[in-house]
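Q: For reference, the structure I am asking about is given below.
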Amino acid sequence: MVSSASSPSSPDRVLNAGILGATGTVGQRFIVLLAQNPMFRIHSLGASERSSGRQYSQAAKWKMSELMPQEIRDVVVKPCDPTHFEGCDVIFSGLDASVAGDIEKAFMEADFAVFSNAKNYRMVPNVPLCVPVVNTDHYSLIAAQRAHYGMKKGFIVTNSNCSTSGLVVPLKALQDSFGPLKRVIVTTLQAISGAGYPGVASLDILDNIVPLISGEEPKMEAEVLKILGGLNDSATACAPLPDLKVSATCNRVPVVDGHTECVNVEFSGTPPSIDDVKKCLREFTCEAQAIGCYSAPKQVMVVTEEEDRPQPRLDRNAGEGMAVTVGRIRECPVFHVRFTLLVHNTVLGAAGASILNAEYAAKKGFI
């Protein structure tokens, strides 16, 4: 067993965490974040057959800028099978979508609480697709999910695509304050870390922009509608927004971390002033903050007035990577308002969201 976090200052019990896909880049980010988090103790590491049975330092090609935690180095990697994760209270999945589906389902059916970064279950109607600073009300689906699968404790919660996670934060604030949105156009400039390791070939990305990320655009367009929507009357399934139209264009750019997104928004009703938009974004809060979740940012959105911000190198670590930075907020001559946002794609856009989802679930008694 690995113990890397200090004792929490609150009476919350420390949860034993298992990580699936622990040798990959998302799994490595889970390790970095969990090693600093007082709510969790890293208990078990799982990976593919070629890695299982080996010490973690030998199995993983460490790609984080932070040093590999010393207490992780000698941990023996296990197969991604529920029988090897006895004693874990929560499972974090950084598995690739090509293998995540069956493995995550097996853990859920073994009565584990599974927090997934993969796409496989995001659009299943009774699975919360949760950006934890936006739509924790969707946790009401867990009761229906457990009833459907006959589970007592097990469930699956997914976080969104990395680019979606940044987009829905200001959209949620605008929707809550000024009513329904009618149309959204987003153009993304996405960092190479979003492609994992080894990722995009150097000859493709150096001195270049790749104007295609396969499957990314339809994922964004569908996920926004589910996240910003509600639940059906019986709280057994999500009810995606029926009228909002989202158009996404996704590009890969030679930046290591941090997705930049240029957004145009049209409201269904009378549009707010630019000053009201800025005030709305600055003052937006979430339930995870209110209940004292460790990873919740102090400020959900950082609104910058500098004319050339946000920038990935300067702004991706806002709120320890859990805040969204929004700038260049101005009127749009075609729609109503336009702005540029930046989200850390491996923190709020990946592992950090899963961890905050688990913190929220623990605080609310789902774990």
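Ordering of the structure tokens sets the chain letters (A, B, ...); residue numbers start at 1 within each chain; ligands are numbered from 1 in the order shown.
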I'd like to know which residues of stretch 112-225 of chain A are helix (DSSP H, G or I) (by DSSP, run on the backbone); could you write them as a PyMOL selection string?
A: chain A and resi 136-149+162-178+192-195+202-205+216-225
Q: Could you give me, as a count of residues only, the residues within 6 Å of stretch 101-117 of chain A, counting only C-alpha atoms and dropping anything in the same chain fewer than 3 positions from it?
A: 15
Q: Would you write out, as JSON lines, a table of all residues in stretch 132-176 of chain A that have an atom no more than 8 Å from an atom of stretch 284-299 of chain A, listing for each the closest atom pair and the distance in Å to one decimal, considering only C-alpha atoms and ordering rows by chain and rising residue number?
A:
```
{"residue": "A:Pro132", "atom": "CA", "partner": "A:Ala288", "partner_atom": "CA", "distance": 7.0}
{"residue": "A:Val133", "atom": "CA", "partner": "A:Cys286", "partner_atom": "CA", "distance": 5.3}
{"residue": "A:Val134", "atom": "CA", "partner": "A:Cys286", "partner_atom": "CA", "distance": 6.6}
{"residue": "A:Thr136", "atom": "CA", "partner": "A:Glu287", "partner_atom": "CA", "distance": 7.4}
{"residue": "A:Ala173", "atom": "CA", "partner": "A:Phe284", "partner_atom": "CA", "distance": 6.1}
```
Q: Those same residues - C-alpha atoms - I'd like them written as a PDB file, in the first residue's frame.
A:
```pdb
ATOM      1  CA  PRO A 132     -17.532  19.179 -11.156  1.00  0.00           C
ATOM      2  CA  VAL A 133     -17.677  22.974 -11.136  1.00  0.00           C
ATOM      3  CA  VAL A 134     -20.735  22.926 -13.408  1.00  0.00           C
ATOM      4  CA  THR A 136     -22.999  18.154  -9.804  1.00  0.00           C
ATOM      5  CA  ALA A 173     -22.638  30.828 -15.887  1.00  0.00           C
TER       6      ALA A 173
END
```
Q: Find the residues near stretch 228-240 of chain A: any atom within 7 Å, counting only C-alpha atoms, skip ones fewer than 3 places away on the same chain, and give them as number ranges by chain.
A: A: 125-126, 140-141, 144, 172, 224-225
Q: Write a file of the selected residues as a PDB file, in the first residue's frame, keeping N, CA and C atoms.
A:
```
ATOM      1  N   PRO A 125     -27.407   7.493 -20.918  1.00  0.00           N
ATOM      2  CA  PRO A 125     -28.356   8.408 -20.268  1.00  0.00           C
ATOM      3  C   PRO A 125     -28.326   8.415 -18.745  1.00  0.00           C
ATOM      4  N   ASN A 126     -28.039   7.245 -18.098  1.00  0.00           N
ATOM      5  CA  ASN A 126     -28.066   7.227 -16.629  1.00  0.00           C
ATOM      6  C   ASN A 126     -26.679   7.342 -16.002  1.00  0.00           C
ATOM      7  N   SER A 140     -27.676  12.939  -9.053  1.00  0.00           N
ATOM      8  CA  SER A 140     -28.962  12.313  -8.734  1.00  0.00           C
ATOM      9  C   SER A 140     -29.202  11.062  -9.575  1.00  0.00           C
ATOM     10  N   LEU A 141     -28.476  10.931 -10.692  1.00  0.00           N
ATOM     11  CA  LEU A 141     -28.627   9.762 -11.559  1.00  0.00           C
ATOM     12  C   LEU A 141     -28.048   8.487 -10.945  1.00  0.00           C
ATOM     13  N   ALA A 144     -30.547   5.800  -9.879  1.00  0.00           N
ATOM     14  CA  ALA A 144     -31.148   5.088 -11.010  1.00  0.00           C
ATOM     15  C   ALA A 144     -30.143   4.130 -11.655  1.00  0.00           C
ATOM     16  N   LYS A 172     -22.236  27.711 -18.695  1.00  0.00           N
ATOM     17  CA  LYS A 172     -23.139  27.465 -17.567  1.00  0.00           C
ATOM     18  C   LYS A 172     -23.445  28.761 -16.825  1.00  0.00           C
ATOM     19  N   VAL A 224     -21.704  19.098 -24.589  1.00  0.00           N
ATOM     20  CA  VAL A 224     -22.196  20.382 -24.074  1.00  0.00           C
ATOM     21  C   VAL A 224     -23.690  20.307 -23.789  1.00  0.00           C
ATOM     22  N   LEU A 225     -24.448  19.698 -24.685  1.00  0.00           N
ATOM     23  CA  LEU A 225     -25.900  19.626 -24.525  1.00  0.00           C
ATOM     24  C   LEU A 225     -26.284  18.773 -23.322  1.00  0.00           C
TER      25      LEU A 225
END
```
Q: Which residues are close to stretch 174-177 of chain A, i.e. within 9 Å by only C-alpha atoms, leaving aside same-chain residues fewer than 2 positions away? Reply as a ChimeraX atom specification.
A: /A:169-172,179-181,228,267,277,280-281
Q: Please dump the current selection as a CSV table (one decimal), in the first residue's frame; keep all heavy atoms.
A:
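Generated output (result.csv):
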```csv
chain,number,residue,atom,x,y,z
A,169,VAL,N,-17.9,25.8,-18.7
A,169,VAL,CA,-17.9,26.6,-17.4
A,169,VAL,C,-18.5,28.0,-17.7
A,169,VAL,O,-19.4,28.4,-17.0
A,169,VAL,CB,-16.5,26.6,-16.8
A,169,VAL,CG1,-16.5,27.5,-15.6
A,169,VAL,CG2,-16.0,25.2,-16.5
A,170,PRO,N,-17.9,28.8,-18.6
A,170,PRO,CA,-18.6,30.1,-18.9
A,170,PRO,C,-20.0,29.9,-19.4
A,170,PRO,O,-20.9,30.8,-19.1
A,170,PRO,CB,-17.6,30.8,-19.8
A,170,PRO,CG,-16.8,29.7,-20.5
A,170,PRO,CD,-16.7,28.6,-19.4
A,171,LEU,N,-20.2,28.9,-20.3
A,171,LEU,CA,-21.6,28.7,-20.8
A,171,LEU,C,-22.6,28.5,-19.7
A,171,LEU,O,-23.7,29.0,-19.7
A,171,LEU,CB,-21.6,27.6,-21.8
A,171,LEU,CG,-20.8,27.8,-23.1
A,171,LEU,CD1,-21.1,26.6,-24.1
A,171,LEU,CD2,-21.1,29.1,-23.8
A,172,LYS,N,-22.2,27.7,-18.7
A,172,LYS,CA,-23.1,27.5,-17.6
A,172,LYS,C,-23.4,28.8,-16.8
A,172,LYS,O,-24.6,29.0,-16.5
A,172,LYS,CB,-22.5,26.4,-16.6
A,172,LYS,CG,-23.2,26.2,-15.3
A,172,LYS,CD,-24.6,25.6,-15.5
A,172,LYS,CE,-25.2,25.2,-14.1
A,172,LYS,NZ,-26.6,24.7,-14.2
A,179,GLY,N,-30.4,33.3,-19.1
A,179,GLY,CA,-31.4,32.5,-19.8
A,179,GLY,C,-30.8,31.6,-20.9
A,179,GLY,O,-29.6,31.6,-21.0
A,180,PRO,N,-31.7,31.0,-21.6
A,180,PRO,CA,-31.2,30.0,-22.6
A,180,PRO,C,-30.2,30.5,-23.6
A,180,PRO,O,-30.4,31.7,-24.0
A,180,PRO,CB,-32.5,29.4,-23.2
A,180,PRO,CG,-33.5,29.8,-22.2
A,180,PRO,CD,-33.1,31.0,-21.6
A,181,LEU,N,-29.3,29.7,-24.0
A,181,LEU,CA,-28.4,30.1,-25.1
A,181,LEU,C,-29.0,29.5,-26.4
A,181,LEU,O,-29.6,28.4,-26.4
A,181,LEU,CB,-27.0,29.5,-24.9
A,181,LEU,CG,-26.4,29.8,-23.5
A,181,LEU,CD1,-25.0,29.2,-23.4
A,181,LEU,CD2,-26.3,31.3,-23.3
A,228,LEU,N,-25.1,20.8,-19.9
A,228,LEU,CA,-25.9,22.0,-19.6
A,228,LEU,C,-27.4,21.7,-19.5
A,228,LEU,O,-28.2,22.5,-19.1
A,228,LEU,CB,-25.7,23.0,-20.7
A,228,LEU,CG,-24.2,23.6,-20.8
A,228,LEU,CD1,-24.2,24.7,-21.8
A,228,LEU,CD2,-23.8,24.2,-19.4
A,267,PHE,N,-27.6,34.5,-27.5
A,267,PHE,CA,-28.6,34.2,-26.5
A,267,PHE,C,-30.0,34.1,-27.1
A,267,PHE,O,-30.2,34.7,-28.2
A,267,PHE,CB,-28.6,35.4,-25.4
A,267,PHE,CG,-27.4,35.5,-24.6
A,267,PHE,CD1,-26.3,36.3,-25.0
A,267,PHE,CD2,-27.2,34.8,-23.4
A,267,PHE,CE1,-25.1,36.4,-24.3
A,267,PHE,CE2,-26.1,34.9,-22.7
A,267,PHE,CZ,-25.0,35.7,-23.1
A,277,VAL,N,-21.7,40.5,-18.5
A,277,VAL,CA,-21.1,39.2,-18.7
A,277,VAL,C,-19.8,39.0,-17.9
A,277,VAL,O,-19.6,38.0,-17.3
A,277,VAL,CB,-20.7,39.1,-20.2
A,277,VAL,CG1,-19.8,37.9,-20.5
A,277,VAL,CG2,-22.0,39.0,-21.1
A,280,CYS,N,-20.8,38.4,-14.3
A,280,CYS,CA,-21.4,37.1,-14.1
A,280,CYS,C,-20.3,36.0,-14.1
A,280,CYS,O,-20.3,35.1,-13.2
A,280,CYS,CB,-22.3,36.8,-15.4
A,280,CYS,SG,-22.6,35.1,-15.7
A,281,LEU,N,-19.3,36.1,-14.9
A,281,LEU,CA,-18.2,35.1,-15.0
A,281,LEU,C,-17.4,35.2,-13.7
A,281,LEU,O,-17.0,34.2,-13.1
A,281,LEU,CB,-17.4,35.3,-16.2
A,281,LEU,CG,-18.1,35.1,-17.6
A,281,LEU,CD1,-17.1,35.2,-18.7
A,281,LEU,CD2,-18.9,33.8,-17.7
```
Q: List the neighbours of A:Gly27 out to 12 Å using only C-alpha atoms; skip same-chain residues closer than 3 positions along the sequence, and give me the result as a VMD selection string.
A: chain A and resid 18 to 24 30 to 34 42 44 to 47 56 60 to 64 68 91 to 96 116 to 118 196 to 197 346 to 347 350 to 352 354 to 355
Q: I need the residues from that last selection saved to file as a PDB file, in the first residue's frame (with C-alpha atoms), if you can.
A:
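Wrote again-v1.pdb, looks like this:
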```pdb
ATOM      1  CA  GLY A  18      -6.878   2.648  -7.228  1.00  0.00           C
ATOM      2  CA  ILE A  19      -5.643   3.998 -10.560  1.00  0.00           C
ATOM      3  CA  LEU A  20      -6.280   2.173 -13.845  1.00  0.00           C
ATOM      4  CA  GLY A  21      -4.000   3.034 -16.745  1.00  0.00           C
ATOM      5  CA  ALA A  22      -1.478   4.255 -14.181  1.00  0.00           C
ATOM      6  CA  THR A  23       1.501   4.236 -16.550  1.00  0.00           C
ATOM      7  CA  GLY A  24      -0.105   6.532 -19.161  1.00  0.00           C
ATOM      8  CA  PHE A  30      -3.638  11.170 -11.297  1.00  0.00           C
ATOM      9  CA  ILE A  31      -0.572  10.127  -9.308  1.00  0.00           C
ATOM     10  CA  VAL A  32       0.814  13.674  -9.121  1.00  0.00           C
ATOM     11  CA  LEU A  33      -2.501  15.134  -7.956  1.00  0.00           C
ATOM     12  CA  LEU A  34      -3.452  12.344  -5.555  1.00  0.00           C
ATOM     13  CA  ILE A  42      -2.922   5.756  -3.360  1.00  0.00           C
ATOM     14  CA  SER A  44      -3.212   0.209  -6.018  1.00  0.00           C
ATOM     15  CA  LEU A  45      -1.858   0.874  -9.508  1.00  0.00           C
ATOM     16  CA  GLY A  46      -3.147  -1.001 -12.548  1.00  0.00           C
ATOM     17  CA  ALA A  47      -1.970  -1.151 -16.142  1.00  0.00           C
ATOM     18  CA  TYR A  56       6.157   1.262 -11.352  1.00  0.00           C
ATOM     19  CA  ALA A  60       6.231   3.801 -16.655  1.00  0.00           C
ATOM     20  CA  LYS A  61       7.940   6.326 -18.921  1.00  0.00           C
ATOM     21  CA  TRP A  62       7.452   9.297 -16.617  1.00  0.00           C
ATOM     22  CA  LYS A  63       6.423  12.415 -18.573  1.00  0.00           C
ATOM     23  CA  MET A  64       5.267  14.809 -15.851  1.00  0.00           C
ATOM     24  CA  MET A  68       7.754  10.805  -9.651  1.00  0.00           C
ATOM     25  CA  ILE A  91     -11.241   3.743  -8.740  1.00  0.00           C
ATOM     26  CA  PHE A  92      -9.824   6.398 -11.059  1.00  0.00           C
ATOM     27  CA  SER A  93      -9.618   5.338 -14.691  1.00  0.00           C
ATOM     28  CA  GLY A  94      -7.081   6.851 -17.060  1.00  0.00           C
ATOM     29  CA  LEU A  95      -7.551   3.986 -19.505  1.00  0.00           C
ATOM     30  CA  ASP A  96      -7.635   4.481 -23.244  1.00  0.00           C
ATOM     31  CA  SER A 116     -13.625   7.630 -15.626  1.00  0.00           C
ATOM     32  CA  ASN A 117     -11.715   9.900 -17.938  1.00  0.00           C
ATOM     33  CA  ALA A 118     -12.617   7.780 -20.994  1.00  0.00           C
ATOM     34  CA  GLY A 196      -1.317  11.193 -24.808  1.00  0.00           C
ATOM     35  CA  TYR A 197       2.079   9.576 -25.259  1.00  0.00           C
ATOM     36  CA  THR A 346      -4.886  17.356 -18.061  1.00  0.00           C
ATOM     37  CA  VAL A 347      -6.112  18.906 -14.794  1.00  0.00           C
ATOM     38  CA  ALA A 350      -8.908  15.203 -17.222  1.00  0.00           C
ATOM     39  CA  ALA A 351      -7.505  13.820 -13.945  1.00  0.00           C
ATOM     40  CA  GLY A 352      -8.300  16.870 -11.809  1.00  0.00           C
ATOM     41  CA  SER A 354     -12.191  13.022 -11.867  1.00  0.00           C
ATOM     42  CA  ILE A 355     -10.596  13.691  -8.486  1.00  0.00           C
TER      43      ILE A 355
END
```
Q: Between A:Leu342, A:Ala195, A:Ile213, A:Leu314, which one has atoms that come closest to A:Cys250, using only C-alpha atoms?
A: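 Between A:Leu342, A:Ala195, A:Ile213, A:Leu314, the residue approaching A:Cys250 most closely is A:Ile213.
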Q: Could you check which of A:Arg41, A:Arg328, A:His336, A:Lys219 is closest to A:Thr304, using only C-alpha atoms?
A: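 So, comparing all the options, the nearest one is A:Arg328.
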Q: One number please: atom CA of A:Lys226 to atom CA of A:Ser165, in Å, one decimal.
A: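 Those two atoms sit 12.2 Å apart.
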